[in-house]
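Trainee: I'd like to ask you about the structure that follows.
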Amino acid sequence: MRYITVALAKGRLADRAMEYFSRIGCPCEEMKDKKSRKLIFTNEEAGVRFFLAKASDVPTYVEYGAADLGIVGKDTILEEGRTLFEVLDLKMGKCRMCVCGPAAAERLLMHREQIRVATKYPNIAKDYFYNKKHQTVEIIKLNGSVELAPIVGLSEVIVDIVETGSTLRENGLTVLEEVCDLSARVVVNRVSMKRESERIGDMIRKLRALVAEDQQ
Ligand code: PRP
């Protein structure tokens with residue numbers, strides 16, 4: 001039997017997703033060994049194998065069919081813009097994509113000034129400002145600690161993920177506008193969806209039932 005291959009975004013999300021796979025009959029004990037440098041983990045009985053990848057690479061593996069399924073944040077799905085099916089919201093890792101900055105920057109947004117926007121998510125920021133708000137801005141791509149940008153004068157605002165809001169608070173910044181809600185999603189390769197419709201369909205149904213159960 002062909003393995004169903006699942007790509008998981010490394011980190012907290014992967015641990016929580018693996019709990020779900022465990023509960024639908026696809027546990028993977030090997031993966032819990034944090035010291036291991038192994039990249040791919042197999043559950044022979046279930047005919048499923050898992051691998052951990054950098055979040056932004058998960059949609060790529062799934063688009064090309066190197067993984068049938070992927071577990072990744074909506075932020076990464078939107079940013080990468082790959083061709084795949086998004087089939088289920090796991091309702092975990094909930095947070096928001098927001099435009100943030102010092103409170104004084106609100107005026108600049110209101111008056112549609114040509115401001116600079118620093119972000120790890122240039123495509124999401126472009127889509128928001130150009131297509132939704134019809135506002136011309138300069139987007140500056142950063143790779144982390146984006147909150148620094150308005151503090152040191154690289155940009156007026158940032159587009160970034162807000163979860164608890166504590167990073168913003170501790171740096172004297174605030175949410176100015178909301179771009180969209182985010183959470184972990186299950187994505188599926190378009191061909192796999194047809195070729196393995198029975199097994200993948202079954203996994204998704206079981207995962208969907210678990211999500212519903214946990215929401216109650
Ligand atoms: C994310 C995000 C914010 C922070 C938000 O950063 O980019 O900085 O978490 O969380 P909070 O609202 O609960 O404070 P991450 O930890 O991924 O680090 P990075 O920005 O340096 O990549």
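Ordering of the structure tokens sets the chain letters (A, B, ...); residue numbers start at 1 within each chain; ligands are numbered from 1 in the order shown.
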Using only C-alpha atoms and all ligand atoms, find each residue of chain A with at least one atom at most 6 Å away from an atom of ligand 1; report its shortest atom-to-atom pair and that distance in Å (one decimal), sort the rows by chain and rising residue number, and return the result as JSON lines.

Mentor:
{"residue": "A:Gly144", "atom": "CA", "partner": "ligand 1", "partner_atom_place_in_ligand_line": "21 (O)", "distance": 3.8}
{"residue": "A:Ser145", "atom": "CA", "partner": "ligand 1", "partner_atom_place_in_ligand_line": "21 (O)", "distance": 3.9}
{"residue": "A:Val146", "atom": "CA", "partner": "ligand 1", "partner_atom_place_in_ligand_line": "20 (O)", "distance": 5.8}
{"residue": "A:Asp160", "atom": "CA", "partner": "ligand 1", "partner_atom_place_in_ligand_line": "7 (O)", "distance": 5.4}
{"residue": "A:Ile161", "atom": "CA", "partner": "ligand 1", "partner_atom_place_in_ligand_line": "2 (C)", "distance": 4.6}
{"residue": "A:Val162", "atom": "CA", "partner": "ligand 1", "partner_atom_place_in_ligand_line": "12 (O)", "distance": 3.8}
{"residue": "A:Glu163", "atom": "CA", "partner": "ligand 1", "partner_atom_place_in_ligand_line": "12 (O)", "distance": 3.6}
{"residue": "A:Thr164", "atom": "CA", "partner": "ligand 1", "partner_atom_place_in_ligand_line": "13 (O)", "distance": 3.6}
{"residue": "A:Gly165", "atom": "CA", "partner": "ligand 1", "partner_atom_place_in_ligand_line": "12 (O)", "distance": 3.4}
{"residue": "A:Ser166", "atom": "CA", "partner": "ligand 1", "partner_atom_place_in_ligand_line": "14 (O)", "distance": 4.1}
{"residue": "A:Thr167", "atom": "CA", "partner": "ligand 1", "partner_atom_place_in_ligand_line": "14 (O)", "distance": 3.6}

Trainee: When you look at Met97 of chain A with a cut-off of 8 Å (counting only C-alpha atoms), what residues show up, excluding the ones that are within fewer than 6 positions of it in the same chain? I need them as a list in words.

Mentor: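 These residues fall inside the cut-off: Asp75, Val159, Asp160, Ile161, Val162, Glu178, Val179, Cys180, Asp181 and Leu182 of chain A.
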
Trainee: Which one is closest to Val187 of chain A: A:Lys54, A:Arg49, A:Lys74, A:Arg16? Count only C-alpha atoms.

Mentor: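 Going through A:Lys54, A:Arg49, A:Lys74, A:Arg16 one by one, the smallest distance to Val187 of chain A is for A:Lys74.
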
Trainee: Let me make sure I understand: among A:Ala184, A:Leu13, A:Ala149, A:Val117, which one has the smallest atom-to-atom distance to Val137 of chain A if we use only C-alpha atoms?

Mentor: A:Val117

Trainee: As an exercise, work out the distance from atom CA of Asn171 of chain A to atom CA of Glu113 of chain A in Å and give it to one decimal place.

Mentor: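 It comes out at 23.5 Å.
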
Trainee: I want to know what sits within 10 Å of Glu106 of chain A, based on only C-alpha atoms, with residues of the same chain fewer than 2 positions away left out; could you give that as a list of chain:residue names?

Mentor: A:Val99, A:Cys100, A:Gly101, A:Pro102, A:Ala103, A:Ala104, A:Leu108, A:Leu109, A:Met110, A:His111, A:Arg112, A:Glu156, A:Val157, A:Thr174, A:Val175, A:Leu176, A:Glu177

Trainee: Output N, CA, C and O atoms for every residue in the selection just made, as a PDB file, in the first residue's frame.

Mentor:
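Heads up, here's the output in part-v2.pdb:
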ATOM      1  N   VAL A  99      -2.309  45.104  11.153  1.00  0.00           N
ATOM      2  CA  VAL A  99      -1.435  46.255  10.917  1.00  0.00           C
ATOM      3  C   VAL A  99      -1.209  46.863  12.298  1.00  0.00           C
ATOM      4  O   VAL A  99      -2.174  47.158  13.002  1.00  0.00           O
ATOM      5  N   CYS A 100       0.038  46.995  12.699  1.00  0.00           N
ATOM      6  CA  CYS A 100       0.351  47.502  14.031  1.00  0.00           C
ATOM      7  C   CYS A 100       1.360  48.636  13.933  1.00  0.00           C
ATOM      8  O   CYS A 100       2.087  48.751  12.943  1.00  0.00           O
ATOM      9  N   GLY A 101       1.415  49.403  15.000  1.00  0.00           N
ATOM     10  CA  GLY A 101       2.385  50.500  15.036  1.00  0.00           C
ATOM     11  C   GLY A 101       2.147  51.333  16.273  1.00  0.00           C
ATOM     12  O   GLY A 101       1.305  50.988  17.112  1.00  0.00           O
ATOM     13  N   PRO A 102       2.848  52.449  16.399  1.00  0.00           N
ATOM     14  CA  PRO A 102       2.547  53.353  17.505  1.00  0.00           C
ATOM     15  C   PRO A 102       1.172  53.968  17.268  1.00  0.00           C
ATOM     16  O   PRO A 102       0.752  54.114  16.109  1.00  0.00           O
ATOM     17  N   ALA A 103       0.462  54.323  18.334  1.00  0.00           N
ATOM     18  CA  ALA A 103      -0.901  54.861  18.192  1.00  0.00           C
ATOM     19  C   ALA A 103      -0.926  56.044  17.210  1.00  0.00           C
ATOM     20  O   ALA A 103      -1.896  56.221  16.470  1.00  0.00           O
ATOM     21  N   ALA A 104       0.146  56.822  17.186  1.00  0.00           N
ATOM     22  CA  ALA A 104       0.209  58.016  16.328  1.00  0.00           C
ATOM     23  C   ALA A 104       0.132  57.677  14.838  1.00  0.00           C
ATOM     24  O   ALA A 104      -0.239  58.521  14.017  1.00  0.00           O
ATOM     25  N   LEU A 108      -1.785  58.417   9.959  1.00  0.00           N
ATOM     26  CA  LEU A 108      -1.146  58.206   8.651  1.00  0.00           C
ATOM     27  C   LEU A 108      -1.961  57.229   7.811  1.00  0.00           C
ATOM     28  O   LEU A 108      -2.107  57.382   6.598  1.00  0.00           O
ATOM     29  N   LEU A 109      -2.496  56.228   8.479  1.00  0.00           N
ATOM     30  CA  LEU A 109      -3.323  55.238   7.771  1.00  0.00           C
ATOM     31  C   LEU A 109      -4.612  55.888   7.295  1.00  0.00           C
ATOM     32  O   LEU A 109      -5.043  55.681   6.156  1.00  0.00           O
ATOM     33  N   MET A 110      -5.200  56.680   8.180  1.00  0.00           N
ATOM     34  CA  MET A 110      -6.471  57.326   7.864  1.00  0.00           C
ATOM     35  C   MET A 110      -6.336  58.256   6.664  1.00  0.00           C
ATOM     36  O   MET A 110      -7.206  58.302   5.810  1.00  0.00           O
ATOM     37  N   HIS A 111      -5.256  58.986   6.619  1.00  0.00           N
ATOM     38  CA  HIS A 111      -5.046  59.964   5.545  1.00  0.00           C
ATOM     39  C   HIS A 111      -4.383  59.364   4.314  1.00  0.00           C
ATOM     40  O   HIS A 111      -3.969  60.076   3.415  1.00  0.00           O
ATOM     41  N   ARG A 112      -4.256  58.025   4.326  1.00  0.00           N
ATOM     42  CA  ARG A 112      -3.694  57.309   3.179  1.00  0.00           C
ATOM     43  C   ARG A 112      -2.334  57.861   2.749  1.00  0.00           C
ATOM     44  O   ARG A 112      -2.055  58.023   1.563  1.00  0.00           O
ATOM     45  N   GLU A 156       6.757  52.984   9.287  1.00  0.00           N
ATOM     46  CA  GLU A 156       5.754  53.602  10.154  1.00  0.00           C
ATOM     47  C   GLU A 156       4.917  52.541  10.845  1.00  0.00           C
ATOM     48  O   GLU A 156       4.532  52.685  11.995  1.00  0.00           O
ATOM     49  N   VAL A 157       4.595  51.469  10.105  1.00  0.00           N
ATOM     50  CA  VAL A 157       3.760  50.389  10.667  1.00  0.00           C
ATOM     51  C   VAL A 157       4.352  49.038  10.274  1.00  0.00           C
ATOM     52  O   VAL A 157       5.268  48.953   9.456  1.00  0.00           O
ATOM     53  N   THR A 174       0.617  49.093  19.093  1.00  0.00           N
ATOM     54  CA  THR A 174      -0.772  48.696  19.255  1.00  0.00           C
ATOM     55  C   THR A 174      -1.358  48.210  17.916  1.00  0.00           C
ATOM     56  O   THR A 174      -0.802  48.508  16.852  1.00  0.00           O
ATOM     57  N   VAL A 175      -2.462  47.460  17.987  1.00  0.00           N
ATOM     58  CA  VAL A 175      -3.141  47.030  16.762  1.00  0.00           C
ATOM     59  C   VAL A 175      -3.869  48.230  16.174  1.00  0.00           C
ATOM     60  O   VAL A 175      -4.636  48.892  16.864  1.00  0.00           O
ATOM     61  N   LEU A 176      -3.634  48.515  14.887  1.00  0.00           N
ATOM     62  CA  LEU A 176      -4.280  49.648  14.242  1.00  0.00           C
ATOM     63  C   LEU A 176      -5.403  49.190  13.316  1.00  0.00           C
ATOM     64  O   LEU A 176      -6.439  49.823  13.231  1.00  0.00           O
ATOM     65  N   GLU A 177      -5.177  48.080  12.619  1.00  0.00           N
ATOM     66  CA  GLU A 177      -6.204  47.517  11.730  1.00  0.00           C
ATOM     67  C   GLU A 177      -6.061  46.004  11.721  1.00  0.00           C
ATOM     68  O   GLU A 177      -4.960  45.487  11.917  1.00  0.00           O
TER      69      GLU A 177
END

Trainee: Give the helix (DSSP H, G or I) residues of segment 60-193 of chain A, as assigned by DSSP on the backbone, as a PyMOL selection string.

Mentor: chain A and resi 60-63+74-80+105-110+122-132+148-152+166-170+190-193

Trainee: For the selection you just gave me, I'd like the residues written to a file as a short mmCIF file (atom, residue, chain, number, x, y, z; two decimals), in the first residue's frame, keeping N, CA and C atoms.

Mentor:
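Dumped everything to part30.cif:
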data_model
loop_
_atom_site.label_atom_id
_atom_site.label_comp_id
_atom_site.auth_asym_id
_atom_site.auth_seq_id
_atom_site.Cartn_x
_atom_site.Cartn_y
_atom_site.Cartn_z
N THR A 60 4.69 24.13 -0.44
CA THR A 60 5.46 23.71 -1.62
C THR A 60 5.46 22.19 -1.74
N TYR A 61 5.75 21.50 -0.64
CA TYR A 61 5.73 20.03 -0.65
C TYR A 61 4.35 19.52 -1.07
N VAL A 62 3.31 20.18 -0.60
CA VAL A 62 1.96 19.71 -0.90
C VAL A 62 1.59 20.04 -2.35
N GLU A 63 1.95 21.20 -2.84
CA GLU A 63 1.60 21.53 -4.23
C GLU A 63 2.22 20.53 -5.20
N LYS A 74 -2.68 29.43 8.41
CA LYS A 74 -3.33 30.18 7.32
C LYS A 74 -2.43 31.31 6.83
N ASP A 75 -1.62 31.89 7.72
CA ASP A 75 -0.69 32.96 7.34
C ASP A 75 0.24 32.47 6.23
N THR A 76 0.79 31.27 6.42
CA THR A 76 1.72 30.71 5.43
C THR A 76 1.00 30.36 4.14
N ILE A 77 -0.22 29.84 4.25
CA ILE A 77 -0.99 29.48 3.05
C ILE A 77 -1.22 30.74 2.20
N LEU A 78 -1.64 31.81 2.86
CA LEU A 78 -1.92 33.06 2.14
C LEU A 78 -0.64 33.63 1.54
N GLU A 79 0.44 33.60 2.31
CA GLU A 79 1.68 34.22 1.85
C GLU A 79 2.28 33.46 0.67
N GLU A 80 2.24 32.13 0.74
CA GLU A 80 2.89 31.31 -0.30
C GLU A 80 2.06 31.23 -1.58
N ALA A 105 0.45 56.44 14.50
CA ALA A 105 0.45 56.05 13.07
C ALA A 105 -0.96 55.88 12.52
N GLU A 106 -1.94 55.86 13.41
CA GLU A 106 -3.33 55.70 12.96
C GLU A 106 -3.73 56.82 11.99
N ARG A 107 -3.24 58.01 12.29
CA ARG A 107 -3.53 59.19 11.47
C ARG A 107 -2.98 59.01 10.04
N LEU A 108 -1.78 58.42 9.96
CA LEU A 108 -1.15 58.21 8.65
C LEU A 108 -1.96 57.23 7.81
N LEU A 109 -2.50 56.23 8.48
CA LEU A 109 -3.32 55.24 7.77
C LEU A 109 -4.61 55.89 7.29
N MET A 110 -5.20 56.68 8.18
CA MET A 110 -6.47 57.33 7.86
C MET A 110 -6.34 58.26 6.66
N PRO A 122 5.15 39.88 2.89
CA PRO A 122 4.96 40.92 1.87
C PRO A 122 3.74 40.68 0.98
N ASN A 123 3.44 39.44 0.67
CA ASN A 123 2.29 39.19 -0.22
C ASN A 123 0.97 39.51 0.46
N ILE A 124 0.86 39.12 1.75
CA ILE A 124 -0.36 39.43 2.50
C ILE A 124 -0.50 40.95 2.65
N ALA A 125 0.62 41.62 2.95
CA ALA A 125 0.59 43.07 3.14
C ALA A 125 0.21 43.77 1.83
N LYS A 126 0.79 43.29 0.71
CA LYS A 126 0.48 43.88 -0.60
C LYS A 126 -1.00 43.71 -0.91
N ASP A 127 -1.49 42.51 -0.73
CA ASP A 127 -2.90 42.23 -1.04
C ASP A 127 -3.80 43.14 -0.21
N TYR A 128 -3.47 43.28 1.07
CA TYR A 128 -4.31 44.10 1.96
C TYR A 128 -4.29 45.57 1.54
N PHE A 129 -3.10 46.14 1.39
CA PHE A 129 -3.04 47.58 1.09
C PHE A 129 -3.43 47.90 -0.35
N TYR A 130 -2.98 47.08 -1.31
CA TYR A 130 -3.26 47.40 -2.72
C TYR A 130 -4.68 47.00 -3.14
N ASN A 131 -5.06 45.76 -2.83
CA ASN A 131 -6.33 45.27 -3.36
C ASN A 131 -7.53 45.57 -2.47
N LYS A 132 -7.33 45.54 -1.15
CA LYS A 132 -8.48 45.77 -0.27
C LYS A 132 -8.63 47.25 0.08
N LEU A 148 10.56 45.65 15.82
CA LEU A 148 11.65 46.61 15.88
C LEU A 148 11.49 47.74 14.88
N ALA A 149 10.95 47.42 13.72
CA ALA A 149 10.96 48.36 12.58
C ALA A 149 10.41 49.75 12.91
N PRO A 150 9.18 49.85 13.48
CA PRO A 150 8.69 51.20 13.79
C PRO A 150 9.44 51.86 14.94
N ILE A 151 10.04 51.05 15.80
CA ILE A 151 10.75 51.60 16.96
C ILE A 151 12.04 52.29 16.51
N VAL A 152 12.74 51.66 15.57
CA VAL A 152 14.02 52.24 15.14
C VAL A 152 13.88 53.11 13.88
N SER A 166 1.18 40.64 23.73
CA SER A 166 2.18 41.08 24.70
C SER A 166 3.44 41.64 24.04
N THR A 167 3.82 41.10 22.88
CA THR A 167 5.00 41.64 22.18
C THR A 167 4.75 43.11 21.83
N LEU A 168 3.54 43.39 21.35
CA LEU A 168 3.20 44.78 21.00
C LEU A 168 3.24 45.67 22.23
N ARG A 169 2.55 45.22 23.27
CA ARG A 169 2.46 46.02 24.51
C ARG A 169 3.84 46.35 25.06
N GLU A 170 4.69 45.31 25.12
CA GLU A 170 6.02 45.52 25.71
C GLU A 170 6.88 46.45 24.87
N ARG A 190 -3.87 18.43 -4.88
CA ARG A 190 -5.06 18.30 -5.73
C ARG A 190 -5.20 16.90 -6.35
N VAL A 191 -4.08 16.31 -6.75
CA VAL A 191 -4.14 14.97 -7.36
C VAL A 191 -4.40 13.91 -6.28
N SER A 192 -3.73 14.05 -5.15
CA SER A 192 -3.91 13.08 -4.05
C SER A 192 -5.37 13.02 -3.62
N MET A 193 -6.01 14.16 -3.65
CA MET A 193 -7.41 14.25 -3.22
C MET A 193 -8.28 13.29 -4.05
#

Trainee: Using DSSP on the backbone, list every residue of segment 13-172 of chain A that comes out as strand (DSSP E), and give them as a ChimeraX atom specification.

Mentor: /A:40-43,48-53,69-73,85-89,95-101,116-119,138-141,157-162

Trainee: Using only C-alpha atoms, determine which residues lie at most 12 Å from Leu207 of chain A, disregarding the query and same-chain residues fewer than 6 positions distant; provide the list as a ChimeraX atom specification.

Mentor: /A:17-26,71,87-91,185-186,200-201,213-214

Trainee: For Asn43 of chain A, work out the shell of residues within 10 Å, counting only C-alpha atoms and skipping chain neighbours fewer than 4 positions away, then give it as a PDB file with all heavy atoms, in the first residue's frame.

Mentor:
ATOM      1  N   TYR A   3       2.139   4.863   0.938  1.00  0.00           N
ATOM      2  CA  TYR A   3       2.019   5.681   2.150  1.00  0.00           C
ATOM      3  C   TYR A   3       1.266   6.961   1.843  1.00  0.00           C
ATOM      4  O   TYR A   3       1.418   7.534   0.763  1.00  0.00           O
ATOM      5  CB  TYR A   3       3.404   6.088   2.655  1.00  0.00           C
ATOM      6  CG  TYR A   3       4.193   4.989   3.305  1.00  0.00           C
ATOM      7  CD1 TYR A   3       5.367   4.520   2.723  1.00  0.00           C
ATOM      8  CD2 TYR A   3       3.778   4.442   4.522  1.00  0.00           C
ATOM      9  CE1 TYR A   3       6.104   3.519   3.328  1.00  0.00           C
ATOM     10  CE2 TYR A   3       4.514   3.440   5.123  1.00  0.00           C
ATOM     11  CZ  TYR A   3       5.674   2.979   4.523  1.00  0.00           C
ATOM     12  OH  TYR A   3       6.402   1.995   5.113  1.00  0.00           O
ATOM     13  N   GLY A  25      -6.008   7.394  15.193  1.00  0.00           N
ATOM     14  CA  GLY A  25      -5.418   6.077  14.923  1.00  0.00           C
ATOM     15  C   GLY A  25      -4.111   6.105  14.148  1.00  0.00           C
ATOM     16  O   GLY A  25      -3.694   5.088  13.597  1.00  0.00           O
ATOM     17  N   CYS A  26      -3.454   7.258  14.074  1.00  0.00           N
ATOM     18  CA  CYS A  26      -2.140   7.369  13.418  1.00  0.00           C
ATOM     19  C   CYS A  26      -1.103   7.925  14.387  1.00  0.00           C
ATOM     20  O   CYS A  26      -0.532   8.998  14.139  1.00  0.00           O
ATOM     21  CB  CYS A  26      -2.205   8.310  12.223  1.00  0.00           C
ATOM     22  SG  CYS A  26      -3.167   7.720  10.875  1.00  0.00           S
ATOM     23  N   PRO A  27      -0.833   7.233  15.501  1.00  0.00           N
ATOM     24  CA  PRO A  27       0.176   7.774  16.420  1.00  0.00           C
ATOM     25  C   PRO A  27       1.571   7.627  15.827  1.00  0.00           C
ATOM     26  O   PRO A  27       1.765   6.826  14.905  1.00  0.00           O
ATOM     27  CB  PRO A  27       0.021   6.900  17.662  1.00  0.00           C
ATOM     28  CG  PRO A  27      -0.517   5.613  17.155  1.00  0.00           C
ATOM     29  CD  PRO A  27      -1.334   5.920  15.925  1.00  0.00           C
ATOM     30  N   CYS A  28       2.508   8.395  16.330  1.00  0.00           N
ATOM     31  CA  CYS A  28       3.882   8.278  15.868  1.00  0.00           C
ATOM     32  C   CYS A  28       4.825   8.581  17.037  1.00  0.00           C
ATOM     33  O   CYS A  28       5.228   9.730  17.225  1.00  0.00           O
ATOM     34  CB  CYS A  28       4.109   9.220  14.690  1.00  0.00           C
ATOM     35  SG  CYS A  28       5.615   8.836  13.818  1.00  0.00           S
ATOM     36  N   GLU A  29       5.089   7.555  17.801  1.00  0.00           N
ATOM     37  CA  GLU A  29       5.898   7.687  19.018  1.00  0.00           C
ATOM     38  C   GLU A  29       7.281   8.246  18.720  1.00  0.00           C
ATOM     39  O   GLU A  29       7.787   9.092  19.438  1.00  0.00           O
ATOM     40  CB  GLU A  29       6.040   6.324  19.724  1.00  0.00           C
ATOM     41  CG  GLU A  29       4.784   5.853  20.426  1.00  0.00           C
ATOM     42  CD  GLU A  29       4.241   6.885  21.417  1.00  0.00           C
ATOM     43  OE1 GLU A  29       5.049   7.416  22.200  1.00  0.00           O
ATOM     44  OE2 GLU A  29       3.025   7.180  21.367  1.00  0.00           O
ATOM     45  N   GLU A  30       7.868   7.742  17.622  1.00  0.00           N
ATOM     46  CA  GLU A  30       9.232   8.124  17.223  1.00  0.00           C
ATOM     47  C   GLU A  30       9.430   9.640  17.161  1.00  0.00           C
ATOM     48  O   GLU A  30      10.500  10.153  17.442  1.00  0.00           O
ATOM     49  CB  GLU A  30       9.452   7.622  15.788  1.00  0.00           C
ATOM     50  CG  GLU A  30      10.402   6.470  15.637  1.00  0.00           C
ATOM     51  CD  GLU A  30      10.645   6.272  14.142  1.00  0.00           C
ATOM     52  OE1 GLU A  30       9.673   6.384  13.350  1.00  0.00           O
ATOM     53  OE2 GLU A  30      11.795   6.046  13.783  1.00  0.00           O
ATOM     54  N   GLY A  47      -0.011   3.030   7.527  1.00  0.00           N
ATOM     55  CA  GLY A  47       0.394   3.364   6.159  1.00  0.00           C
ATOM     56  C   GLY A  47       0.546   4.865   5.971  1.00  0.00           C
ATOM     57  O   GLY A  47       0.263   5.406   4.899  1.00  0.00           O
ATOM     58  N   VAL A  48       0.989   5.518   7.055  1.00  0.00           N
ATOM     59  CA  VAL A  48       1.131   6.973   7.005  1.00  0.00           C
ATOM     60  C   VAL A  48       2.548   7.354   7.397  1.00  0.00           C
ATOM     61  O   VAL A  48       3.126   6.745   8.296  1.00  0.00           O
ATOM     62  CB  VAL A  48       0.135   7.659   7.977  1.00  0.00           C
ATOM     63  CG1 VAL A  48       0.300   9.171   7.963  1.00  0.00           C
ATOM     64  CG2 VAL A  48      -1.299   7.295   7.615  1.00  0.00           C
ATOM     65  N   ARG A  49       3.143   8.299   6.713  1.00  0.00           N
ATOM     66  CA  ARG A  49       4.430   8.824   7.172  1.00  0.00           C
ATOM     67  C   ARG A  49       4.356  10.340   7.300  1.00  0.00           C
ATOM     68  O   ARG A  49       3.609  11.006   6.585  1.00  0.00           O
ATOM     69  CB  ARG A  49       5.585   8.378   6.279  1.00  0.00           C
ATOM     70  CG  ARG A  49       5.417   8.718   4.848  1.00  0.00           C
ATOM     71  CD  ARG A  49       6.608   8.272   4.037  1.00  0.00           C
ATOM     72  NE  ARG A  49       6.514   8.898   2.735  1.00  0.00           N
ATOM     73  CZ  ARG A  49       7.438   8.847   1.810  1.00  0.00           C
ATOM     74  NH1 ARG A  49       8.556   8.186   2.020  1.00  0.00           N
ATOM     75  NH2 ARG A  49       7.276   9.448   0.651  1.00  0.00           N
ATOM     76  N   PHE A  50       5.125  10.825   8.262  1.00  0.00           N
ATOM     77  CA  PHE A  50       5.100  12.245   8.605  1.00  0.00           C
ATOM     78  C   PHE A  50       6.477  12.836   8.420  1.00  0.00           C
ATOM     79  O   PHE A  50       7.466  12.171   8.675  1.00  0.00           O
ATOM     80  CB  PHE A  50       4.726  12.429  10.077  1.00  0.00           C
ATOM     81  CG  PHE A  50       3.377  11.880  10.444  1.00  0.00           C
ATOM     82  CD1 PHE A  50       3.248  10.586  10.933  1.00  0.00           C
ATOM     83  CD2 PHE A  50       2.244  12.664  10.309  1.00  0.00           C
ATOM     84  CE1 PHE A  50       2.008  10.077  11.275  1.00  0.00           C
ATOM     85  CE2 PHE A  50       1.001  12.160  10.649  1.00  0.00           C
ATOM     86  CZ  PHE A  50       0.877  10.863  11.138  1.00  0.00           C
TER      87      PHE A  50
END

Trainee: Compile the contact shell of Lys38 of chain A as JSON, numbers by chain: residues with an atom at most 10 Å away, counting only C-alpha atoms, same-chain residues fewer than 6 positions apart removed.

Mentor: {"A": [30, 31, 51, 52]}

Trainee: Under the rule that only C-alpha atoms are counted, which of A:Ile115, A:Lys120, A:Arg96, A:Gln135 is the nearest residue to Gly153 of chain A?

Mentor: A:Ile115

Trainee: Would you please work out which residue, of A:Gly73, A:Pro59, A:Glu198, A:Asp15, is nearest to Lys94 of chain A when using only C-alpha atoms?

Mentor: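 Looking only at the distances to Lys94 of chain A, the closest residue turns out to be A:Gly73.
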